[in-house]
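Visitor: File run13.pdb below, PDB, C-alpha atoms:
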ATOM      1  CA  MET I   1     -52.167 -68.050  -5.325
ATOM      2  CA  ILE I   2     -49.001 -67.511  -3.189
ATOM      3  CA  CYS I   3     -45.525 -68.676  -4.121
ATOM      4  CA  PRO I   4     -43.422 -69.624  -2.242
ATOM      5  CA  ALA I   5     -46.004 -70.248   0.469
ATOM      6  CA  ALA I   6     -45.370 -71.426   4.022
ATOM      7  CA  LEU I   7     -48.242 -73.870   4.597
ATOM      8  CA  GLN I   8     -48.088 -73.446   8.365
ATOM      9  CA  GLN I   9     -47.269 -70.638  10.775
ATOM     10  CA  VAL I  10     -43.455 -70.350  11.117
ATOM     11  CA  THR I  11     -42.260 -68.852  14.426
ATOM     12  CA  HIS I  12     -38.630 -70.028  14.687
ATOM     13  CA  ASP I  13     -35.726 -70.436  12.260
ATOM     14  CA  LYS I  14     -33.832 -73.701  11.754
ATOM     15  CA  GLU I  15     -31.507 -72.847  14.667
ATOM     16  CA  GLY I  16     -34.474 -72.309  17.019
ATOM     17  CA  ARG I  17     -34.279 -68.474  17.115
ATOM     18  CA  LYS I  18     -37.570 -66.604  17.381
ATOM     19  CA  LEU I  19     -38.912 -64.964  14.227
ATOM     20  CA  VAL I  20     -41.699 -62.497  13.543
ATOM     21  CA  SER I  21     -44.143 -65.174  12.375
ATOM     22  CA  TYR I  22     -45.128 -65.806   8.770
ATOM     23  CA  GLY I  23     -47.221 -68.321   6.825
ATOM     24  CA  ILE I  24     -50.833 -69.474   6.729
ATOM     25  CA  THR I  25     -53.132 -67.941   9.366
ATOM     26  CA  SER I  26     -56.765 -68.633  10.290
ATOM     27  CA  TYR I  27     -58.185 -66.466   7.488
ATOM     28  CA  GLY I  28     -55.157 -65.180   5.637
ATOM     29  CA  TYR I  29     -51.430 -65.244   5.115
ATOM     30  CA  ASP I  30     -48.580 -63.507   6.975
ATOM     31  CA  ALA I  31     -46.154 -62.418   4.250
ATOM     32  CA  ARG I  32     -42.387 -62.034   4.606
ATOM     33  CA  LEU I  33     -40.299 -58.952   3.911
ATOM     34  CA  ALA I  34     -37.687 -59.489   1.166
ATOM     35  CA  PRO I  35     -34.046 -58.514   1.907
ATOM     36  CA  GLU I  36     -34.084 -55.456  -0.380
ATOM     37  CA  PHE I  37     -35.096 -51.990   0.736
ATOM     38  CA  LYS I  38     -35.413 -48.424  -0.481
ATOM     39  CA  VAL I  39     -34.810 -46.044   2.439
ATOM     40  CA  PHE I  40     -36.360 -42.588   2.076
ATOM     41  CA  THR I  41     -33.832 -39.820   2.578
ATOM     42  CA  ASN I  42     -33.718 -36.042   2.468
ATOM     43  CA  VAL I  43     -30.009 -35.983   1.586
ATOM     44  CA  ASN I  44     -30.736 -34.955  -2.007
ATOM     45  CA  PRO I  45     -32.226 -31.491  -2.626
ATOM     46  CA  ILE I  46     -35.711 -32.771  -3.423
ATOM     47  CA  ILE I  47     -38.175 -30.189  -2.189
ATOM     48  CA  VAL I  48     -41.506 -31.952  -2.771
ATOM     49  CA  VAL I  49     -42.439 -35.631  -2.980
ATOM     50  CA  ASP I  50     -44.635 -35.790  -6.094
ATOM     51  CA  PRO I  51     -46.414 -39.079  -6.933
ATOM     52  CA  LYS I  52     -46.973 -37.851 -10.523
ATOM     53  CA  ASN I  53     -43.276 -37.151 -11.064
ATOM     54  CA  PHE I  54     -41.446 -39.249  -8.509
ATOM     55  CA  ASN I  55     -37.697 -38.888  -8.247
ATOM     56  CA  ALA I  56     -35.981 -42.207  -7.455
ATOM     57  CA  GLU I  57     -33.089 -40.251  -5.914
ATOM     58  CA  ALA I  58     -35.319 -39.798  -2.865
ATOM     59  CA  PHE I  59     -34.265 -43.322  -1.847
ATOM     60  CA  ILE I  60     -31.061 -45.066  -0.906
ATOM     61  CA  GLU I  61     -31.034 -48.745  -1.886
ATOM     62  CA  LYS I  62     -30.011 -51.300   0.725
ATOM     63  CA  GLU I  63     -29.887 -55.085   0.973
ATOM     64  CA  GLY I  64     -29.493 -57.187   4.082
ATOM     65  CA  ASP I  65     -31.022 -59.228   6.889
ATOM     66  CA  SER I  66     -32.557 -56.122   8.439
ATOM     67  CA  CYS I  67     -33.147 -52.456   7.723
ATOM     68  CA  ILE I  68     -33.123 -49.495  10.074
ATOM     69  CA  ILE I  69     -35.883 -46.987   9.363
ATOM     70  CA  PRO I  70     -34.924 -43.433  10.373
ATOM     71  CA  PRO I  71     -37.175 -41.634  12.896
ATOM     72  CA  HIS I  72     -40.404 -40.237  11.407
ATOM     73  CA  SER I  73     -39.508 -41.684   7.999
ATOM     74  CA  PHE I  74     -40.263 -44.730   5.883
ATOM     75  CA  ILE I  75     -38.862 -47.384   3.595
ATOM     76  CA  LEU I  76     -40.238 -49.267   0.651
ATOM     77  CA  GLY I  77     -39.982 -53.035   0.730
ATOM     78  CA  ARG I  78     -41.576 -55.967  -1.015
ATOM     79  CA  THR I  79     -42.859 -59.394  -0.187
ATOM     80  CA  VAL I  80     -40.761 -62.528  -0.611
ATOM     81  CA  GLU I  81     -43.935 -64.161  -1.880
ATOM     82  CA  LYS I  82     -45.470 -63.553  -5.286
ATOM     83  CA  PHE I  83     -49.275 -63.297  -5.233
ATOM     84  CA  HIS I  84     -51.772 -64.226  -7.951
ATOM     85  CA  ILE I  85     -55.251 -63.123  -6.928
ATOM     86  CA  PRO I  86     -58.190 -65.089  -8.423
ATOM     87  CA  ARG I  87     -60.895 -63.220 -10.357
ATOM     88  CA  ASP I  88     -63.453 -63.633  -7.556
ATOM     89  CA  VAL I  89     -61.166 -62.559  -4.667
ATOM     90  CA  VAL I  90     -59.838 -59.270  -3.292
ATOM     91  CA  SER I  91     -57.113 -59.142  -0.671
ATOM     92  CA  ILE I  92     -56.637 -56.552   2.052
ATOM     93  CA  CYS I  93     -53.335 -56.112   3.880
ATOM     94  CA  ILE I  94     -52.893 -55.101   7.503
ATOM     95  CA  GLY I  95     -49.782 -54.709   9.617
ATOM     96  CA  LYS I  96     -48.663 -57.254  12.178
ATOM     97  CA  SER I  97     -49.290 -56.359  15.808
ATOM     98  CA  THR I  98     -45.657 -57.070  16.774
ATOM     99  CA  TYR I  99     -44.519 -54.150  14.605
ATOM    100  CA  ALA I 100     -47.579 -51.947  15.209
ATOM    101  CA  ARG I 101     -46.887 -52.030  18.967
ATOM    102  CA  CYS I 102     -43.438 -50.593  18.188
ATOM    103  CA  GLY I 103     -44.839 -47.718  16.104
ATOM    104  CA  ILE I 104     -44.034 -49.396  12.784
ATOM    105  CA  ILE I 105     -46.923 -49.176  10.327
ATOM    106  CA  VAL I 106     -47.311 -51.103   7.056
ATOM    107  CA  ASN I 107     -49.344 -49.618   4.212
ATOM    108  CA  VAL I 108     -50.386 -51.650   1.181
ATOM    109  CA  THR I 109     -53.359 -51.008  -1.076
ATOM    110  CA  PRO I 110     -55.838 -53.827  -1.837
ATOM    111  CA  LEU I 111     -54.785 -56.617  -4.170
ATOM    112  CA  GLU I 112     -57.548 -56.575  -6.765
ATOM    113  CA  PRO I 113     -58.954 -59.548  -8.699
ATOM    114  CA  GLU I 114     -56.423 -60.976 -11.195
ATOM    115  CA  TRP I 115     -53.551 -58.839  -9.914
ATOM    116  CA  PHE I 116     -50.252 -60.708  -9.687
ATOM    117  CA  GLY I 117     -46.677 -59.960  -8.686
ATOM    118  CA  HIS I 118     -44.539 -59.139  -5.670
ATOM    119  CA  VAL I 119     -46.270 -56.662  -3.365
ATOM    120  CA  THR I 120     -44.483 -53.346  -2.804
ATOM    121  CA  MET I 121     -45.226 -51.926   0.635
ATOM    122  CA  GLU I 122     -44.509 -48.729   2.516
ATOM    123  CA  ILE I 123     -43.251 -49.273   6.072
ATOM    124  CA  SER I 124     -43.354 -46.191   8.299
ATOM    125  CA  ASN I 125     -41.525 -45.501  11.534
ATOM    126  CA  THR I 126     -43.819 -43.209  13.520
ATOM    127  CA  THR I 127     -41.429 -42.974  16.480
ATOM    128  CA  PRO I 128     -38.744 -40.374  17.296
ATOM    129  CA  LEU I 129     -36.152 -43.208  17.393
ATOM    130  CA  PRO I 130     -34.663 -45.433  14.677
ATOM    131  CA  ALA I 131     -36.627 -48.680  14.200
ATOM    132  CA  VAL I 132     -35.591 -52.006  12.687
ATOM    133  CA  VAL I 133     -37.477 -54.468  10.469
ATOM    134  CA  TYR I 134     -36.239 -57.949   9.602
ATOM    135  CA  ALA I 135     -35.935 -59.551   6.164
ATOM    136  CA  ASN I 136     -37.356 -63.024   5.556
ATOM    137  CA  GLU I 137     -39.663 -62.664   8.552
ATOM    138  CA  GLY I 138     -43.341 -61.713   8.797
ATOM    139  CA  ILE I 139     -44.195 -58.062   8.077
ATOM    140  CA  CYS I 140     -47.935 -57.992   7.296
ATOM    141  CA  GLN I 141     -51.048 -60.119   6.955
ATOM    142  CA  PHE I 142     -53.145 -60.490   3.822
ATOM    143  CA  MET I 143     -56.796 -61.360   4.296
ATOM    144  CA  PHE I 144     -58.672 -62.802   1.321
ATOM    145  CA  LEU I 145     -62.305 -61.944   0.685
ATOM    146  CA  GLU I 146     -64.267 -63.987  -1.831
ATOM    147  CA  GLY I 147     -66.885 -62.105  -3.816
ATOM    148  CA  SER I 148     -70.401 -63.453  -4.181
ATOM    149  CA  GLU I 149     -69.845 -63.302  -7.950
ATOM    150  CA  ILE I 150     -66.979 -62.876 -10.415
ATOM    151  CA  CYS I 151     -66.045 -59.232 -10.956
ATOM    152  CA  GLU I 152     -67.076 -57.620 -14.226
ATOM    153  CA  VAL I 153     -63.683 -55.976 -14.906
ATOM    154  CA  SER I 154     -60.539 -57.227 -13.177
ATOM    155  CA  TYR I 155     -57.179 -55.574 -12.628
ATOM    156  CA  GLY I 156     -55.820 -57.863 -15.334
ATOM    157  CA  ASP I 157     -58.564 -56.782 -17.768
ATOM    158  CA  ARG I 158     -57.604 -53.136 -17.158
ATOM    159  CA  LYS I 159     -53.928 -53.975 -17.704
ATOM    160  CA  GLY I 160     -53.088 -52.231 -14.443
ATOM    161  CA  LYS I 161     -49.799 -50.372 -14.283
ATOM    162  CA  TYR I 162     -48.485 -52.467 -11.376
ATOM    163  CA  GLN I 163     -49.328 -55.847 -12.937
ATOM    164  CA  ASN I 164     -46.559 -58.464 -12.599
ATOM    165  CA  GLN I 165     -44.233 -56.142 -10.705
ATOM    166  CA  VAL I 166     -40.884 -57.608  -9.725
ATOM    167  CA  GLY I 167     -38.803 -56.058  -6.982
ATOM    168  CA  ILE I 168     -39.714 -52.784  -5.295
ATOM    169  CA  THR I 169     -41.809 -50.658  -7.638
ATOM    170  CA  LEU I 170     -41.870 -46.863  -7.347
ATOM    171  CA  PRO I 171     -44.996 -44.776  -8.139
ATOM    172  CA  ARG I 172     -46.086 -44.927 -11.787
ATOM    173  CA  MET I 173     -48.443 -42.797 -13.827
ATOM    174  CA  LYS I 174     -50.220 -44.007 -16.946
ATOM    175  CA  ASP I 175     -50.411 -41.746 -19.973
ATOM    176  CA  ASN I 176     -54.125 -42.340 -20.449
ATOM    177  CA  GLU I 177     -57.342 -42.660 -18.426
ATOM    178  CA  GLU I 178     -57.163 -46.483 -18.480
ATOM    179  CA  GLY I 179     -54.876 -46.431 -15.434
ATOM    180  CA  ALA I 180     -57.055 -44.111 -13.352
ATOM    181  CA  GLY I 181     -57.953 -45.725 -10.056
ATOM    182  CA  ASP I 182     -55.148 -48.299 -10.009
ATOM    183  CA  SER I 183     -54.495 -49.341  -6.448
ATOM    184  CA  LYS I 184     -51.222 -51.265  -6.207
TER     185      LYS I 184
END
Could I get this structure in the form of structure tokens?
Guide:
Amino acid sequence: MICPAALQQVTHDKEGRKLVSYGITSYGYDARLAPEFKVFTNVNPIIVVDPKNFNAEAFIEKEGDSCIIPPHSFILGRTVEKFHIPRDVVSICIGKSTYARCGIIVNVTPLEPEWFGHVTMEISNTTPLPAVVYANEGICQFMFLEGSEICEVSYGDRKGKYQNQVGITLPRMKDNEEGAGDSK
């Protein structure tokens, strides 16, 4: 269901330095932030952010061990882990308290039954100061809820537009009604 998975809570690196924890939790999994980022910028003359016609030039791509999020702005990131959600499970993502207490908010939509791929997430800095997030450390927690029965139509059945995404995936629109209601 999760690959690569840390089968215990990891709180320190191999040299003994503290990390924002990741790995198995009591009822979920703390996922890691991959070392690739898309930093939102207003440098280009883009007047309106339009999810139906998104302009990739709204982002500056960055790689590294950390990423600074400008004040009152956001970045897109993705999980190190690849998820494969079973047909009778839905997963909900919440931010980690370490970041939330610094004004850093993580937003991810539910992972629906039979969705798989790397999870793209929006990470917002709600503060008036620059904020930093760290790659290969915990960024959010996924909680897994098992349904009382198998779903009638899964994300895989609908051939969802974000199925098997690799890397950071920008907003997509489907050309037909089949994609309406997609939530990745």
Visitor: Just how far from CA of Gly16 in chain I is CA of Ile139 in chain I, in Å to one decimal?
Guide: 19.4 Å
Visitor: I'd like the residues picked by the PyMOL selection byres ((chain I and resi 116) around 7) written out as JSON, numbers by chain, using the chain letters and numbers from the file.
Guide: {"I": [83, 84, 85, 114, 115, 117, 163, 164]}
Visitor: Excluding Ile150 in chain I and its own-chain neighbours fewer than 5 positions away, which residues fall within 12 Å of it when counting all atoms listed in the file? Please give them as a count of residues only.
Guide: 8
Visitor: Which residues, named as in the file, does the PyMOL selection byres ((chain I and resi 76) around 6) pick out? Answer as a list in words.
Guide: Phe37, Lys38, Ile75, Gly77, Met121 and Glu122 of chain I
Visitor: Counting only C-alpha atoms, which residues sit no farther than 12 Å from the position (-41.8, -50.9, 20.5) in the file's frame? I'd like them as a list in words.
Guide: Ser97, Thr98, Tyr99, Ala100, Arg101, Cys102, Gly103, Ile104, Ile105, Asn125, Thr126, Thr127, Pro128, Leu129, Pro130, Ala131, Val132 and Val133 of chain I
Visitor: So the first atom is CA of Ser148 in chain I and the second is CA of Asp30 in chain I; what is the distance between them in Å, to one decimal place?
Guide: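 CA of Asp30 in chain I lies 24.5 Å from CA of Ser148 in chain I.
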Visitor: At what distance in Å, to one decimal, does CA of Ser154 in chain I lie from CA of Ala6 in chain I?
Guide: 27.0 Å
Visitor: Just want the 9 Å neighbourhood of Thr25 in chain I, counted on only C-alpha atoms, with same-chain residues fewer than 4 positions away dropped. Output as an mmCIF file with C-alpha atoms, keeping the file's coordinate frame.
Guide:
data_model
loop_
_atom_site.group_PDB
_atom_site.id
_atom_site.type_symbol
_atom_site.label_atom_id
_atom_site.label_comp_id
_atom_site.auth_asym_id
_atom_site.auth_seq_id
_atom_site.Cartn_x
_atom_site.Cartn_y
_atom_site.Cartn_z
ATOM 1 C CA GLN I 8 -48.088 -73.446 8.365
ATOM 2 C CA GLN I 9 -47.269 -70.638 10.775
ATOM 3 C CA TYR I 29 -51.430 -65.244 5.115
ATOM 4 C CA ASP I 30 -48.580 -63.507 6.975
ATOM 5 C CA GLN I 141 -51.048 -60.119 6.955
#
